[in-house]
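Inspection log for the structure reproduced underneath, given as structure tokens.
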Amino acid sequence: MGLSMFCRKDHASLSSALIKPKKVRKLTLKLTEIDCDLDRIGELFKLERLQISWQELENLPIELAKITTLKELVVLNSPIKEIPIWVSELKNLRTLVFRGTDIQAIPSELAKLKKLSTIDVGNNKIEKPPKNIGSFVSVKWLNLHDTRIDSIPDELSNLKKLKHLGLTGTVFSEKQRHNIRAKFEH
């Protein structure tokens, strides 16, 4: 199975996408062998959406930090160990999804991302939100489902734009989830 590219032209591999990197806006690496050095992904400098799923990656390449046009970063069902701190330098990032990975924390540095409106870290080993969660002022959608989170800090009430707080599959009962949502969703 090859690499899926959604742009003007479909590409069968990452290496073929790199032939004309200026045209690539969306890239989906799903259930595929990555056919060339992933460190070259930084050459796709107009990339806006990247989805990586079902890959045997433990770390994202730092070369992604060069892609300042990235608006959506989605990592699904891959053994990524952490959300890299350099993600906080992706100033145009609006959506951050690390679902079904091996992450255990949400970096507090992500609060610097003033356009970040969606954070989905469901199905991970996260035990608590970052201490500065109240500084994530642009977040409208926060999904913490199927995590180990057992308390919600009062600072979450600072998220005046929060419309959705996903807590399904946590230790909270249905009644507790309802009360928490009522307190924090605006």
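Ligands are numbered from 1 in the order shown, chains are lettered A, B, ... in the order of the structure tokens, and residues start at 1 in each chain.
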
Please report, as a Markdown table, each residue of region 93-155 of chain A lying at most 12 Å from region 64-85 of chain A, together with the nearest pair of atoms and the separation in Å rounded to one decimal; use only C-alpha atoms, and order rows by chain and ascending residue number.
| residue | atom | partner | partner_atom | distance |
| --- | --- | --- | --- | --- |
| A:Leu93 | CA | A:Lys71 | CA | 4.0 |
| A:Arg94 | CA | A:Lys71 | CA | 5.2 |
| A:Thr95 | CA | A:Glu72 | CA | 4.7 |
| A:Leu96 | CA | A:Leu73 | CA | 5.1 |
| A:Val97 | CA | A:Val74 | CA | 4.6 |
| A:Phe98 | CA | A:Val75 | CA | 4.8 |
| A:Arg99 | CA | A:Leu76 | CA | 5.0 |
| A:Gly100 | CA | A:Asn77 | CA | 4.4 |
| A:Thr101 | CA | A:Pro79 | CA | 5.0 |
| A:Asp102 | CA | A:Lys81 | CA | 4.9 |
| A:Ile103 | CA | A:Glu82 | CA | 4.6 |
| A:Gln104 | CA | A:Glu82 | CA | 6.9 |
| A:Ala105 | CA | A:Glu82 | CA | 7.2 |
| A:Ile106 | CA | A:Ile83 | CA | 6.9 |
| A:Pro107 | CA | A:Ile85 | CA | 6.6 |
| A:Ser108 | CA | A:Ile85 | CA | 8.8 |
| A:Glu109 | CA | A:Ile85 | CA | 6.7 |
| A:Leu110 | CA | A:Ile85 | CA | 7.7 |
| A:Ala111 | CA | A:Ile85 | CA | 11.1 |
| A:Lys112 | CA | A:Ile85 | CA | 10.9 |
| A:Leu113 | CA | A:Lys71 | CA | 10.9 |
| A:Lys114 | CA | A:Lys71 | CA | 12.0 |
| A:Lys115 | CA | A:Lys71 | CA | 8.9 |
| A:Leu116 | CA | A:Lys71 | CA | 8.7 |
| A:Ser117 | CA | A:Glu72 | CA | 10.4 |
| A:Thr118 | CA | A:Glu72 | CA | 9.3 |
| A:Ile119 | CA | A:Val74 | CA | 10.0 |
| A:Asp120 | CA | A:Val74 | CA | 9.0 |
| A:Val121 | CA | A:Val75 | CA | 9.6 |
| A:Gly122 | CA | A:Leu76 | CA | 10.0 |
| A:Asn123 | CA | A:Asn77 | CA | 9.2 |
| A:Asn124 | CA | A:Asn77 | CA | 9.9 |
| A:Lys125 | CA | A:Lys81 | CA | 10.3 |
| A:Ile126 | CA | A:Glu82 | CA | 10.5 |

Could you save the residues just selected, with C-alpha atoms, as an mmCIF file, in the first residue's frame?
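Just written: part-v9.cif:
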data_model
loop_
_atom_site.group_PDB
_atom_site.id
_atom_site.type_symbol
_atom_site.label_atom_id
_atom_site.label_comp_id
_atom_site.auth_asym_id
_atom_site.auth_seq_id
_atom_site.Cartn_x
_atom_site.Cartn_y
_atom_site.Cartn_z
ATOM 1 C CA LEU A 93 -1.398 25.359 13.989
ATOM 2 C CA ARG A 94 -5.147 25.191 14.611
ATOM 3 C CA THR A 95 -5.684 21.476 15.189
ATOM 4 C CA LEU A 96 -3.475 19.118 17.173
ATOM 5 C CA VAL A 97 -4.457 15.458 17.448
ATOM 6 C CA PHE A 98 -2.325 12.787 19.148
ATOM 7 C CA ARG A 99 -4.837 9.962 19.607
ATOM 8 C CA GLY A 100 -3.893 6.375 20.375
ATOM 9 C CA THR A 101 -0.217 7.167 20.881
ATOM 10 C CA ASP A 102 2.115 6.644 23.847
ATOM 11 C CA ILE A 103 2.196 10.265 25.020
ATOM 12 C CA GLN A 104 1.867 10.884 28.745
ATOM 13 C CA ALA A 105 1.717 14.687 28.878
ATOM 14 C CA ILE A 106 0.562 17.788 27.059
ATOM 15 C CA PRO A 107 3.477 20.252 26.889
ATOM 16 C CA SER A 108 2.715 23.542 28.636
ATOM 17 C CA GLU A 109 4.567 25.344 25.810
ATOM 18 C CA LEU A 110 1.591 24.715 23.517
ATOM 19 C CA ALA A 111 -0.111 27.675 25.217
ATOM 20 C CA LYS A 112 2.015 29.873 22.904
ATOM 21 C CA LEU A 113 -0.101 28.705 19.950
ATOM 22 C CA LYS A 114 -2.688 31.485 19.796
ATOM 23 C CA LYS A 115 -4.565 29.928 16.838
ATOM 24 C CA LEU A 116 -4.836 26.454 18.383
ATOM 25 C CA SER A 117 -8.561 25.724 18.703
ATOM 26 C CA THR A 118 -8.644 21.910 18.827
ATOM 27 C CA ILE A 119 -6.641 19.560 21.042
ATOM 28 C CA ASP A 120 -7.445 15.854 20.915
ATOM 29 C CA VAL A 121 -5.261 13.622 23.075
ATOM 30 C CA GLY A 122 -7.758 10.826 23.608
ATOM 31 C CA ASN A 123 -6.769 7.221 24.174
ATOM 32 C CA ASN A 124 -3.426 8.030 25.807
ATOM 33 C CA LYS A 125 -1.740 7.613 29.198
ATOM 34 C CA ILE A 126 -2.100 11.268 30.183
#

*Write down as a ChimeraX atom specification the residues belonging to region 4-185 of chain A that are assigned strand (DSSP E) by DSSP computed on the backbone.*
/A:4-6,26-30,49-53,72-76,95-99,118-120,141-143,164-166

Selected residues written out, C-alpha atoms, as a compact mmCIF listing (two decimals), in the first residue's frame:
# COMPACT_ATOMS: atom_id res chain seq x y z
CA SER A 4 -1.76 8.87 -0.06
CA MET A 5 -1.39 12.47 -1.18
CA PHE A 6 -4.33 14.81 -1.54
CA LYS A 26 -2.14 17.75 2.42
CA LEU A 27 -0.22 14.60 3.19
CA THR A 28 -1.54 11.39 4.72
CA LEU A 29 0.91 8.71 5.75
CA LYS A 30 -1.35 5.80 6.62
CA ARG A 49 -2.33 19.29 6.86
CA LEU A 50 -0.31 16.26 7.93
CA GLN A 51 -1.79 13.00 9.13
CA ILE A 52 0.43 10.17 10.28
CA SER A 53 -1.33 6.98 11.28
CA GLU A 72 -3.35 20.63 11.24
CA LEU A 73 -1.14 17.92 12.74
CA VAL A 74 -2.82 14.56 13.28
CA VAL A 75 -1.01 11.53 14.70
CA LEU A 76 -3.10 8.39 15.16
CA THR A 95 -5.68 21.48 15.19
CA LEU A 96 -3.48 19.12 17.17
CA VAL A 97 -4.46 15.46 17.45
CA PHE A 98 -2.33 12.79 19.15
CA ARG A 99 -4.84 9.96 19.61
CA THR A 118 -8.64 21.91 18.83
CA ILE A 119 -6.64 19.56 21.04
CA ASP A 120 -7.44 15.85 20.92
CA TRP A 141 -12.51 21.72 21.62
CA LEU A 142 -10.56 19.68 24.16
CA ASN A 143 -10.80 15.90 23.95
CA HIS A 164 -16.52 20.84 24.04
CA LEU A 165 -14.73 18.94 26.79
CA GLY A 166 -14.48 15.21 26.02

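Here CA of Lys23 (chain A) and CA of Gln55 (chain A) stand 24.2 Å from one another.
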
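The space separating CA of Ser135 (chain A) from CA of Lys91 (chain A) comes to 15.5 Å.
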
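Distance annotation: of A:Asp150, A:Leu156, A:Phe184, A:Glu58, the residue with the minimal separation from Val171 (chain A) is A:Asp150; atom set is only C-alpha atoms.
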
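Nearest to Ala17 (chain A) of all the residues A:Ile41, A:Ala182, A:Leu57, A:Ile149 is A:Ile41, counting only C-alpha atoms.
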
*helix (DSSP H, G or I) per DSSP on the backbone: members of chain A, as a PyMOL selection string*: chain A and resi 14-17+21-23+38-43+62-66+85-89+108-112+133-135+154-158+174-184

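Proximity of A:Ile180, A:Leu159, A:Leu44, A:Ile152 to Gly134 (chain A), computed with only C-alpha atoms, is greatest for A:Leu159.
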
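Note that the spacing between CA of Val24 (chain A) and CA of Leu47 (chain A) amounts to 5.8 Å.
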